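This is query22.cif. It holds mmCIF, C-alpha atoms.
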```cif
data_model
loop_
_atom_site.label_atom_id
_atom_site.label_comp_id
_atom_site.auth_asym_id
_atom_site.auth_seq_id
_atom_site.Cartn_x
_atom_site.Cartn_y
_atom_site.Cartn_z
CA MET A 116 78.15 151.90 72.30
CA ASN A 117 81.07 149.47 72.24
CA THR A 118 82.30 148.67 75.75
CA SER A 119 85.58 147.08 74.77
CA LYS A 120 88.72 147.68 76.78
CA LEU A 121 90.23 149.10 73.59
CA THR A 122 87.57 151.77 73.06
CA PHE A 123 88.31 155.18 74.58
CA ARG A 124 86.10 158.23 75.09
CA LEU A 125 87.80 161.41 73.90
CA GLN A 126 87.04 163.20 77.19
CA GLU A 127 88.90 160.50 79.14
CA ILE A 128 92.14 160.96 77.17
CA PRO A 129 94.20 163.76 78.77
CA ASP A 130 95.78 166.49 76.65
CA GLY A 131 99.41 165.93 75.77
CA GLU A 132 101.12 162.57 76.13
CA SER A 133 99.72 159.73 78.23
CA ASN A 134 100.19 155.97 78.48
CA ARG A 135 98.00 153.01 79.34
CA THR A 136 98.61 149.30 79.63
CA ILE A 137 95.67 147.00 79.06
CA ALA A 138 95.55 143.26 79.72
CA LEU A 139 93.28 141.24 77.45
CA GLY A 140 91.83 137.84 78.25
CA SER A 141 90.74 134.95 76.10
CA ALA A 142 87.33 136.34 75.11
CA GLU A 143 88.39 139.93 74.40
CA LEU A 144 89.19 139.65 70.67
CA ASP A 145 87.48 137.54 68.00
CA PHE A 146 89.64 135.26 65.89
CA ASN A 147 88.83 132.37 63.56
CA ASP A 148 88.46 128.72 64.60
CA GLU A 149 92.17 127.95 64.16
CA VAL A 150 93.45 130.80 66.35
CA SER A 151 92.36 131.81 69.84
CA LEU A 152 93.74 134.37 72.25
CA GLU A 153 95.09 133.10 75.54
CA LYS A 154 96.24 136.48 76.87
CA ALA A 155 97.65 139.74 75.57
CA THR A 156 99.15 142.96 76.89
CA VAL A 157 98.66 146.18 74.93
CA ASP A 158 100.90 149.15 75.80
CA ILE A 159 99.24 152.29 74.40
CA ASN A 160 100.77 155.74 74.01
CA PHE A 161 98.34 158.62 73.39
CA TYR A 162 99.30 162.08 72.20
CA LYS A 163 96.26 164.38 72.16
CA THR A 164 96.10 167.94 70.82
CA ASP A 165 93.23 170.16 69.63
CA HIS A 166 93.92 169.05 66.06
CA PHE A 167 94.52 165.30 66.31
CA ILE A 168 95.01 162.25 68.53
CA GLN A 169 97.95 159.99 67.82
CA VAL A 170 97.73 156.46 69.16
CA LYS A 171 100.76 154.18 69.14
CA PHE A 172 100.58 150.70 70.60
CA ASN A 173 102.70 147.61 71.13
CA VAL A 174 100.98 144.29 71.62
CA ASP A 175 102.44 141.12 73.15
CA ALA A 176 100.07 138.17 72.76
CA ASP A 177 100.00 134.46 73.54
CA LEU A 178 97.86 132.58 71.04
CA ASN A 179 96.54 129.04 70.99
CA LEU A 180 97.35 127.50 67.60
CA ILE A 181 97.02 124.06 66.00
CA CYS A 182 100.14 122.54 64.43
CA ASP A 183 99.83 122.10 60.66
CA ARG A 184 101.83 118.83 60.76
CA THR A 185 100.68 117.03 63.89
CA LEU A 186 97.37 118.80 64.71
CA ARG A 187 98.61 119.21 68.29
CA PRO A 188 97.71 122.47 70.05
CA PHE A 189 100.47 124.80 71.23
CA VAL A 190 100.94 128.35 72.54
CA TYR A 191 102.65 130.86 70.25
CA ASN A 192 103.94 134.27 71.43
CA THR A 193 103.78 137.19 69.02
CA GLU A 194 104.60 140.87 69.24
CA GLY A 195 103.72 143.80 67.01
CA SER A 196 103.28 147.55 66.91
CA TYR A 197 101.09 150.00 65.00
CA HIS A 198 100.14 153.69 65.06
CA ILE A 199 96.93 155.49 64.18
CA LEU A 200 96.35 159.20 63.64
CA PHE A 201 92.77 160.25 64.42
CA GLU A 202 91.68 163.62 63.05
CA PRO A 203 88.39 165.44 63.82
CA ASN A 204 88.05 166.99 60.35
CA PRO A 205 87.07 165.02 57.25
CA VAL A 206 90.17 163.23 56.03
CA GLU A 207 90.98 160.69 53.38
CA GLU A 208 91.35 157.55 55.45
CA SER A 209 94.29 155.32 54.63
CA GLU A 210 95.99 152.26 56.07
CA THR A 211 99.40 150.71 55.64
CA ASP A 212 101.08 147.83 57.44
CA GLU A 213 102.73 150.33 59.84
CA GLY A 214 99.97 152.88 60.49
CA ALA A 215 96.65 154.46 59.58
CA ILE A 216 94.91 157.83 59.32
CA LYS A 217 91.27 157.90 60.38
CA GLN A 218 88.55 160.41 61.14
CA ILE A 219 87.17 160.62 64.66
CA PRO A 220 83.49 159.56 64.54
CA THR A 221 81.46 162.72 65.23
CA ASP A 222 78.42 160.88 66.60
CA ASP A 223 80.20 158.87 69.35
CA LEU A 224 83.32 160.89 70.20
CA VAL A 225 85.15 157.64 70.90
CA VAL A 226 88.16 156.01 69.30
CA SER A 227 88.43 152.25 69.06
CA ILE A 228 91.59 150.28 68.27
CA ASP A 229 90.04 146.78 68.53
CA LYS A 230 90.37 146.03 64.82
CA GLU A 231 93.92 147.34 64.60
CA VAL A 232 95.12 145.32 67.62
CA ARG A 233 93.48 142.16 66.24
CA ASP A 234 94.96 142.72 62.77
CA THR A 235 98.43 143.42 64.20
CA ILE A 236 98.33 140.10 66.03
CA LEU A 237 97.08 138.19 62.97
CA LEU A 238 99.67 139.75 60.64
CA ASN A 239 102.46 138.51 62.91
CA LEU A 240 101.36 134.88 62.78
CA PRO A 241 103.66 132.48 60.95
CA ILE A 242 102.49 131.17 57.58
CA ARG A 243 103.15 127.59 58.69
CA LYS A 244 102.06 126.89 62.24
CA ILE A 245 104.55 124.28 63.45
CA HIS A 246 104.69 122.93 67.01
CA PRO A 247 107.89 123.99 68.88
CA ASP A 248 108.82 120.29 69.34
CA LEU A 249 109.27 120.07 65.55
CA LEU A 250 111.66 123.07 65.34
CA ASP A 251 115.43 123.01 65.72
CA SER A 252 117.47 125.46 67.84
CA ASP A 253 117.42 128.03 65.00
CA GLY A 254 113.62 127.92 64.74
CA LYS A 255 113.65 126.03 61.45
CA PRO A 256 111.55 122.89 60.90
CA LYS A 257 113.37 119.62 61.59
CA LYS A 258 113.70 117.09 58.78
CA PHE A 259 111.30 114.19 59.08
CA GLU A 260 110.89 110.86 57.35
CA THR A 261 107.90 110.12 55.22
CA GLN A 262 106.37 106.81 56.17
CA SER A 263 104.46 104.51 53.85
CA PHE A 264 102.05 101.79 54.88
CA GLY A 265 101.08 98.63 53.06
CA PRO A 266 102.90 96.80 50.26
CA GLN A 267 105.06 98.94 47.99
CA PRO A 268 104.33 98.62 44.25
CA ASP A 269 107.17 97.53 41.95
CA GLU A 270 108.60 100.13 39.60
CA GLU A 271 107.19 98.25 36.62
CA GLU A 272 103.70 98.48 38.09
CA LEU A 273 104.03 102.27 38.33
CA ILE A 274 104.58 102.63 34.55
CA ASP A 275 101.35 102.96 32.67
CA PRO A 276 101.23 100.25 29.92
CA ARG A 277 99.74 102.75 27.47
CA TRP A 278 103.16 104.46 27.25
CA GLU A 279 104.66 101.31 25.74
CA GLU A 280 101.96 101.29 23.06
CA LEU A 281 102.67 104.96 22.28
CA LYS A 282 106.42 104.30 21.96
CA LYS A 283 105.69 101.59 19.36
CA LEU A 284 103.87 104.16 17.20
CA LYS A 285 107.10 106.18 16.62
#
```

Can you present the structure in this file as structure tokens?
Amino acid sequence: MNTSKLTFRLQEIPDGESNRTIALGSAELDFNDEVSLEKATVDINFYKTDHFIQVKFNVDADLNLICDRTLRPFVYNTEGSYHILFEPNPVEESETDEGAIKQIPTDDLVVSIDKEVRDTILLNLPIRKIHPDLLDSDGKPKKFETQSFGPQPDEEELIDPRWEELKKLK
């Protein structure tokens, strides 16, 4: 049985509405080589009835990222929310970017939100991971100069001589 902090036995969840806050450390969730978890806080709201369990959570995570431009490491804060409806009866499972409907596993009688918390964090990552030193006050990347090294070729050297031969054929 999975012993994750984000796995809950059905008997431990009280009927009605209840809340839990769980702190996650660096080794709690698996990410790829470019992203690692420094710390995260997951605020979970349960609503349990005889017919379903609704789980809503908000996650606030600090991630260690590598800058795409400078390859310097930096810490990035991200937040996200998601909700899952667990039903005991057979149900057509579905997922969207805001929520999911799932069946409660009959063999374990546990619900796990590990995958959903991890995916919520990953979906809130920026496409371009840029170090905060390279961002302006509005959060947009600063302009930078492209530097060239070595002697610069003349413009005539850049033109392929075969083009001149083709022009003569006209």

Name the residues that the PyMOL selection byres ((chain A and resi 136) around 6) pulls out of this structure, and write them as a list in words.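 Answer for the PyMOL selection byres ((chain A and resi 136) around 6): Arg135, Ile137, Val157 and Asp158 of chain A.
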
* Counting all atoms listed in the file, what is within 6 Å of region 159-171 of chain A, bar same-chain residues fewer than 2 positions away, as a ChimeraX atom specification? -> /A:130-135,197-202

Produce a file of the selected residues containing C-alpha atoms, as a PDB file, keeping the file's coordinate frame.
```
ATOM      1  CA  ASP A 130      95.780 166.490  76.650  1.00  0.00           C
ATOM      2  CA  GLY A 131      99.410 165.930  75.770  1.00  0.00           C
ATOM      3  CA  GLU A 132     101.120 162.570  76.130  1.00  0.00           C
ATOM      4  CA  SER A 133      99.720 159.730  78.230  1.00  0.00           C
ATOM      5  CA  ASN A 134     100.190 155.970  78.480  1.00  0.00           C
ATOM      6  CA  ARG A 135      98.000 153.010  79.340  1.00  0.00           C
ATOM      7  CA  TYR A 197     101.090 150.000  65.000  1.00  0.00           C
ATOM      8  CA  HIS A 198     100.140 153.690  65.060  1.00  0.00           C
ATOM      9  CA  ILE A 199      96.930 155.490  64.180  1.00  0.00           C
ATOM     10  CA  LEU A 200      96.350 159.200  63.640  1.00  0.00           C
ATOM     11  CA  PHE A 201      92.770 160.250  64.420  1.00  0.00           C
ATOM     12  CA  GLU A 202      91.680 163.620  63.050  1.00  0.00           C
TER      13      GLU A 202
END
```

Atom pair CA of Ala155 (chain A) + CA of Ala138 (chain A), distance 5.8 Å

| query | So what does the PyMOL selection byres ((chain A and resi 176-183) around 12) actually pick up in this one, as a ChimeraX atom specification? | reply | /A:137-158,173-175,184-196,232-233,235-237,239-250,256

Taken to one decimal, the CA of Thr211 (chain A)-CA of Leu224 (chain A) distance is 24.0 Å

- prompt: What does the distance between CA of Gly214 (chain A) and CA of Pro129 (chain A) come to in Å, to one decimal place?
  reply: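 It comes out at 22.0 Å.
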